[in-house]
Amino acid sequence: MKRRIFGFAGLAVLGLVLSGCSSEGSTAADVSSDDSLETIIEKAKKEGEIASVGMPDTWANWIGTWQDIEKKYGISHVDTDMSSAEELAKFESEGNNGTADIGDVGISFGPLAKSRGLTLPYKTSYWDEIPDWAKDEDGDWLLSYTGTISFITDTGNVQAAPKSWKELAEGDYKISVGDVTTANQAQFAVLAAAIANNGDEEDIDPGLAYFKKIAQQGRLSSTDASVANLEKGEIDVAIVWDFNGLNYRDQIGKDRFEVTVPTDGSITSGYTTIINKNAPHPNAAKLAREYILSDEGQINLAKGYARPIREVELPAEVAEKLLPDSAYKAAVPVKDNEAWDKLSAELPELWQSEVLAYAK
């Protein structure tokens, strides 16, 4: 199972790890920024293999993409699952002797990887179709798919699934938000609540005030929104990424669970590929990013409930697994990632003092 946590804790640990590592290294051999796609494909075929980190078969249907790449180009694949912080630490510690080619990290780790000189830029032929907020200007990182904070409701416990933060606040059921002190998903839940109440990534107070009222009502649940707990009926409403909620829903039962994006405000974030500056198979890594952004690659991600970053026409059976575009009208991306990184580092302490201190 791919990691669920890549927030402030991961960044803090990463800083400690990287501070003890050298940043020696040079651009990977046999790779040129002037290569055409045809040349990249030719070189990638000669390399014949690719090693990824944090891109396991079971997450976002990566298995479909790796199988396609092997079938189409004869490139074999191996993955080592690890957190975003661990991925960057691996790139850094191995230096010129890199063993990993490409990784998948939370959006906050893209700029960090670039600032540490760990990335090999590649824009792909789909560059112009990627929203500006979802890519680095030099191509050192760009999102492949997004996640949006949503509600998953057990309709066996709750008569009417909430469709907004306002409705959620007016209910009489328990709300599972997760561990805001460590979990990225839970931290974004607080940001989404803030956005719905006139806050943003620089002002989280409206989100804290929102959950403070929930806590004072005794409605804040500490139960983890896992498949097991959902199946046992121990969750009324949980706040999760849409791709997690839809996956859980389909695993347990579509008739029982409802997934909704709050209509009065939510936040969209995502995951970005990063190519190791010292990749042993740099052209295979470039080709993998190219394929991931292709129509086929984006459809593969959608099969795993991840929402494609490009506007791609999905097969009917795949589109049915996702929520319609109209459900995301009130969802916005983070406007200032630097401000959010700083604020998310302070959020655990604020959550303890401003919310949990009032829980009944």
# chains A, B, ... in the order shown; residues from 1 in each chain; ligands from 1
$ closest_atom_pairs --of "stretch 134-251 of chain A" --to "stretch 321-339 of chain A" --cutoff "10 Å" --atoms "only C-alpha atoms" --output "tab-separated table"
residue	atom	partner	partner_atom	distance
A:Ala134	CA	A:Pro333	CA	8.7
A:Thr146	CA	A:Pro333	CA	9.6
A:Gly147	CA	A:Pro333	CA	9.9
A:Thr148	CA	A:Ala331	CA	7.2
A:Ile149	CA	A:Ala331	CA	8.4
A:Ser150	CA	A:Ala331	CA	9.8
A:Phe188	CA	A:Val334	CA	9.9
A:Leu191	CA	A:Val334	CA	9.4
A:Ala192	CA	A:Ala331	CA	8.5
A:Ile195	CA	A:Val332	CA	8.9
A:Ala196	CA	A:Ala330	CA	8.8
A:Asp200	CA	A:Val334	CA	8.3
A:Glu201	CA	A:Ala339	CA	6.3
A:Glu202	CA	A:Ala339	CA	6.0
A:Asp203	CA	A:Ala339	CA	9.6
A:Asp242	CA	A:Leu323	CA	8.5
A:Phe243	CA	A:Leu322	CA	8.1
A:Leu246	CA	A:Leu322	CA	7.1
A:Asn247	CA	A:Lys321	CA	8.7
A:Arg249	CA	A:Lys321	CA	10.0
A:Asp250	CA	A:Lys321	CA	8.4
$ write_last_selection --atoms "N, CA and C atoms" --output "PDB file, in the first residue's frame"
ATOM      1  N   ALA A 134      -0.156  23.242 -11.644  1.00  0.00           N
ATOM      2  CA  ALA A 134       0.182  21.831 -11.451  1.00  0.00           C
ATOM      3  C   ALA A 134       1.518  21.444 -12.074  1.00  0.00           C
ATOM      4  N   THR A 146      -4.956  14.236  -9.623  1.00  0.00           N
ATOM      5  CA  THR A 146      -5.351  15.070  -8.488  1.00  0.00           C
ATOM      6  C   THR A 146      -6.231  14.309  -7.504  1.00  0.00           C
ATOM      7  N   GLY A 147      -6.350  14.907  -6.338  1.00  0.00           N
ATOM      8  CA  GLY A 147      -7.294  14.446  -5.333  1.00  0.00           C
ATOM      9  C   GLY A 147      -8.012  15.654  -4.768  1.00  0.00           C
ATOM     10  N   THR A 148      -9.278  15.505  -4.424  1.00  0.00           N
ATOM     11  CA  THR A 148     -10.078  16.601  -3.872  1.00  0.00           C
ATOM     12  C   THR A 148     -10.740  16.127  -2.585  1.00  0.00           C
ATOM     13  N   ILE A 149     -10.687  16.964  -1.565  1.00  0.00           N
ATOM     14  CA  ILE A 149     -11.285  16.604  -0.279  1.00  0.00           C
ATOM     15  C   ILE A 149     -12.797  16.442  -0.428  1.00  0.00           C
ATOM     16  N   SER A 150     -13.288  15.294   0.053  1.00  0.00           N
ATOM     17  CA  SER A 150     -14.690  14.914  -0.120  1.00  0.00           C
ATOM     18  C   SER A 150     -15.215  14.249   1.152  1.00  0.00           C
ATOM     19  N   PHE A 188      -5.380  18.658   4.857  1.00  0.00           N
ATOM     20  CA  PHE A 188      -6.095  19.276   3.753  1.00  0.00           C
ATOM     21  C   PHE A 188      -7.595  19.379   4.052  1.00  0.00           C
ATOM     22  N   LEU A 191      -7.979  22.600   5.742  1.00  0.00           N
ATOM     23  CA  LEU A 191      -7.860  23.678   4.763  1.00  0.00           C
ATOM     24  C   LEU A 191      -9.139  23.809   3.936  1.00  0.00           C
ATOM     25  N   ALA A 192      -9.722  22.672   3.552  1.00  0.00           N
ATOM     26  CA  ALA A 192     -10.960  22.707   2.772  1.00  0.00           C
ATOM     27  C   ALA A 192     -12.084  23.373   3.563  1.00  0.00           C
ATOM     28  N   ILE A 195     -11.503  27.091   3.538  1.00  0.00           N
ATOM     29  CA  ILE A 195     -11.878  27.700   2.253  1.00  0.00           C
ATOM     30  C   ILE A 195     -13.382  27.896   2.165  1.00  0.00           C
ATOM     31  N   ALA A 196     -14.136  26.932   2.676  1.00  0.00           N
ATOM     32  CA  ALA A 196     -15.598  27.032   2.657  1.00  0.00           C
ATOM     33  C   ALA A 196     -16.111  28.125   3.582  1.00  0.00           C
ATOM     34  N   ASP A 200      -8.134  30.526   3.762  1.00  0.00           N
ATOM     35  CA  ASP A 200      -7.290  30.018   2.677  1.00  0.00           C
ATOM     36  C   ASP A 200      -6.006  29.468   3.267  1.00  0.00           C
ATOM     37  N   GLU A 201      -5.008  29.210   2.409  1.00  0.00           N
ATOM     38  CA  GLU A 201      -3.768  28.601   2.879  1.00  0.00           C
ATOM     39  C   GLU A 201      -2.925  29.540   3.735  1.00  0.00           C
ATOM     40  N   GLU A 202      -3.300  30.798   3.808  1.00  0.00           N
ATOM     41  CA  GLU A 202      -2.624  31.738   4.688  1.00  0.00           C
ATOM     42  C   GLU A 202      -3.433  32.000   5.955  1.00  0.00           C
ATOM     43  N   ASP A 203      -4.681  31.582   5.972  1.00  0.00           N
ATOM     44  CA  ASP A 203      -5.576  31.824   7.113  1.00  0.00           C
ATOM     45  C   ASP A 203      -6.401  30.571   7.383  1.00  0.00           C
ATOM     46  N   ASP A 242     -11.082  12.214  -2.661  1.00  0.00           N
ATOM     47  CA  ASP A 242     -12.129  11.581  -3.467  1.00  0.00           C
ATOM     48  C   ASP A 242     -11.708  10.214  -3.980  1.00  0.00           C
ATOM     49  N   PHE A 243     -10.428  10.050  -4.372  1.00  0.00           N
ATOM     50  CA  PHE A 243     -10.016   8.755  -4.906  1.00  0.00           C
ATOM     51  C   PHE A 243     -10.016   7.671  -3.836  1.00  0.00           C
ATOM     52  N   LEU A 246     -14.001   6.935  -3.219  1.00  0.00           N
ATOM     53  CA  LEU A 246     -14.599   6.157  -4.302  1.00  0.00           C
ATOM     54  C   LEU A 246     -14.090   4.714  -4.287  1.00  0.00           C
ATOM     55  N   ASN A 247     -12.822   4.553  -3.991  1.00  0.00           N
ATOM     56  CA  ASN A 247     -12.246   3.218  -3.889  1.00  0.00           C
ATOM     57  C   ASN A 247     -12.894   2.437  -2.745  1.00  0.00           C
ATOM     58  N   ARG A 249     -15.808   3.002  -1.367  1.00  0.00           N
ATOM     59  CA  ARG A 249     -17.210   2.775  -1.732  1.00  0.00           C
ATOM     60  C   ARG A 249     -17.372   1.524  -2.587  1.00  0.00           C
ATOM     61  N   ASP A 250     -16.541   1.428  -3.604  1.00  0.00           N
ATOM     62  CA  ASP A 250     -16.676   0.301  -4.530  1.00  0.00           C
ATOM     63  C   ASP A 250     -16.216  -1.012  -3.911  1.00  0.00           C
TER      64      ASP A 250
END
$ residues_around --residues "A:Phe91" --least-positions-apart "6" --cutoff "9 Å" --atoms "only C-alpha atoms" --output "number ranges by chain"
A: 98-101, 118-119, 276-279
$ write_last_selection --atoms "C-alpha atoms" --output "mmCIF file, in the first residue's frame"
data_model
loop_
_atom_site.group_PDB
_atom_site.id
_atom_site.type_symbol
_atom_site.label_atom_id
_atom_site.label_comp_id
_atom_site.auth_asym_id
_atom_site.auth_seq_id
_atom_site.Cartn_x
_atom_site.Cartn_y
_atom_site.Cartn_z
ATOM 1 C CA GLY A 98 21.437 6.366 -8.191
ATOM 2 C CA THR A 99 19.416 3.153 -8.323
ATOM 3 C CA ALA A 100 15.953 4.692 -8.802
ATOM 4 C CA ASP A 101 14.750 6.419 -11.946
ATOM 5 C CA LEU A 118 17.633 16.121 -7.271
ATOM 6 C CA THR A 119 15.538 16.302 -10.421
ATOM 7 C CA ASN A 276 16.070 11.321 -10.546
ATOM 8 C CA LYS A 277 18.897 13.590 -11.725
ATOM 9 C CA ASN A 278 21.156 10.538 -11.424
ATOM 10 C CA ALA A 279 18.716 8.012 -12.848
#
$ closest_residue --among "A:Ile102, A:Val53, A:Ala238, A:Leu293" --to "A:Glu86" --atoms "only C-alpha atoms"
A:Val53
$ atom_distance --atom1 "atom CA of A:Ile235" --atom2 "atom CA of A:Leu356"
18.9 Å
$ select_by_dssp --residues "stretch 165-260 of chain A" --states "alpha helix (DSSP H)" --output "PyMOL selection string"
chain A and resi 165-170+184-196+205-216+227-231+242-252
$ select_by_dssp --residues "stretch 45-229 of chain A" --states "strand (DSSP E or B)" --output "PyMOL selection string"
chain A and resi 49-53+76-80+102-106+119+135+142-154+175-176+200+203+220-221
$ atom_distance --atom1 "atom CA of A:Trp66" --atom2 "atom CA of A:Leu88"
21.6 Å
$ residues_around --residues "A:Lys114" --least-positions-apart "6" --cutoff "10 Å" --atoms "only C-alpha atoms" --output "PyMOL selection string"
chain A and resi 120-121+136+138-141+274+277
$ atom_distance --atom1 "atom CA of A:Pro348" --atom2 "atom CA of A:Asp236"
24.0 Å
$ closest_residue --among "A:Lys360, A:Ser52, A:Lys163, A:Lys45" --to "A:Glu70" --atoms "only C-alpha atoms"
A:Lys45
$ residues_around --residues "A:Asn283" --least-positions-apart "4" --cutoff "8 Å" --atoms "only C-alpha atoms" --output "list in words"
Val31, Ile40, Ile41, Lys43, Ala44, Glu47 and Leu287 of chain A
$ write_last_selection --atoms "all heavy atoms" --output "mmCIF file, in the first residue's frame"
data_model
loop_
_atom_site.group_PDB
_atom_site.id
_atom_site.type_symbol
_atom_site.label_atom_id
_atom_site.label_comp_id
_atom_site.auth_asym_id
_atom_site.auth_seq_id
_atom_site.Cartn_x
_atom_site.Cartn_y
_atom_site.Cartn_z
ATOM 1 N N VAL A 31 21.722 11.394 -21.777
ATOM 2 C CA VAL A 31 20.425 12.062 -21.823
ATOM 3 C C VAL A 31 20.644 13.507 -22.251
ATOM 4 O O VAL A 31 21.603 14.153 -21.832
ATOM 5 C CB VAL A 31 19.706 11.996 -20.453
ATOM 6 C CG1 VAL A 31 20.507 12.704 -19.381
ATOM 7 C CG2 VAL A 31 18.312 12.572 -20.550
ATOM 8 N N ILE A 40 14.225 9.648 -27.576
ATOM 9 C CA ILE A 40 14.031 9.185 -26.198
ATOM 10 C C ILE A 40 13.520 7.748 -26.196
ATOM 11 O O ILE A 40 13.995 6.902 -25.426
ATOM 12 C CB ILE A 40 13.052 10.121 -25.450
ATOM 13 C CG1 ILE A 40 13.700 11.488 -25.217
ATOM 14 C CG2 ILE A 40 12.617 9.496 -24.123
ATOM 15 C CD1 ILE A 40 12.754 12.532 -24.666
ATOM 16 N N ILE A 41 12.563 7.452 -27.052
ATOM 17 C CA ILE A 41 12.013 6.101 -27.142
ATOM 18 C C ILE A 41 13.101 5.105 -27.540
ATOM 19 O O ILE A 41 13.231 4.025 -26.942
ATOM 20 C CB ILE A 41 10.851 6.053 -28.148
ATOM 21 C CG1 ILE A 41 9.656 6.852 -27.622
ATOM 22 C CG2 ILE A 41 10.439 4.606 -28.428
ATOM 23 C CD1 ILE A 41 8.518 7.004 -28.614
ATOM 24 N N LYS A 43 16.372 5.363 -27.132
ATOM 25 C CA LYS A 43 17.328 5.199 -26.030
ATOM 26 C C LYS A 43 16.699 4.403 -24.876
ATOM 27 O O LYS A 43 17.365 3.583 -24.241
ATOM 28 C CB LYS A 43 17.792 6.565 -25.527
ATOM 29 C CG LYS A 43 18.706 7.309 -26.486
ATOM 30 C CD LYS A 43 19.142 8.643 -25.878
ATOM 31 C CE LYS A 43 20.121 9.392 -26.785
ATOM 32 N NZ LYS A 43 20.548 10.677 -26.186
ATOM 33 N N ALA A 44 15.407 4.664 -24.606
ATOM 34 C CA ALA A 44 14.719 3.965 -23.519
ATOM 35 C C ALA A 44 14.646 2.466 -23.794
ATOM 36 O O ALA A 44 14.827 1.640 -22.890
ATOM 37 C CB ALA A 44 13.328 4.539 -23.326
ATOM 38 N N GLU A 47 17.885 0.970 -22.937
ATOM 39 C CA GLU A 47 18.059 0.834 -21.474
ATOM 40 C C GLU A 47 17.306 -0.388 -20.967
ATOM 41 O O GLU A 47 17.779 -1.098 -20.083
ATOM 42 C CB GLU A 47 17.575 2.109 -20.780
ATOM 43 C CG GLU A 47 18.473 3.315 -21.042
ATOM 44 C CD GLU A 47 17.890 4.634 -20.557
ATOM 45 O OE1 GLU A 47 16.713 4.652 -20.114
ATOM 46 O OE2 GLU A 47 18.608 5.650 -20.617
ATOM 47 N N LEU A 287 10.362 8.523 -20.754
ATOM 48 C CA LEU A 287 9.321 7.859 -21.522
ATOM 49 C C LEU A 287 8.147 7.475 -20.618
ATOM 50 O O LEU A 287 6.983 7.574 -21.027
ATOM 51 C CB LEU A 287 9.883 6.617 -22.211
ATOM 52 C CG LEU A 287 8.905 5.820 -23.086
ATOM 53 C CD1 LEU A 287 8.297 6.706 -24.171
ATOM 54 C CD2 LEU A 287 9.607 4.615 -23.705
#
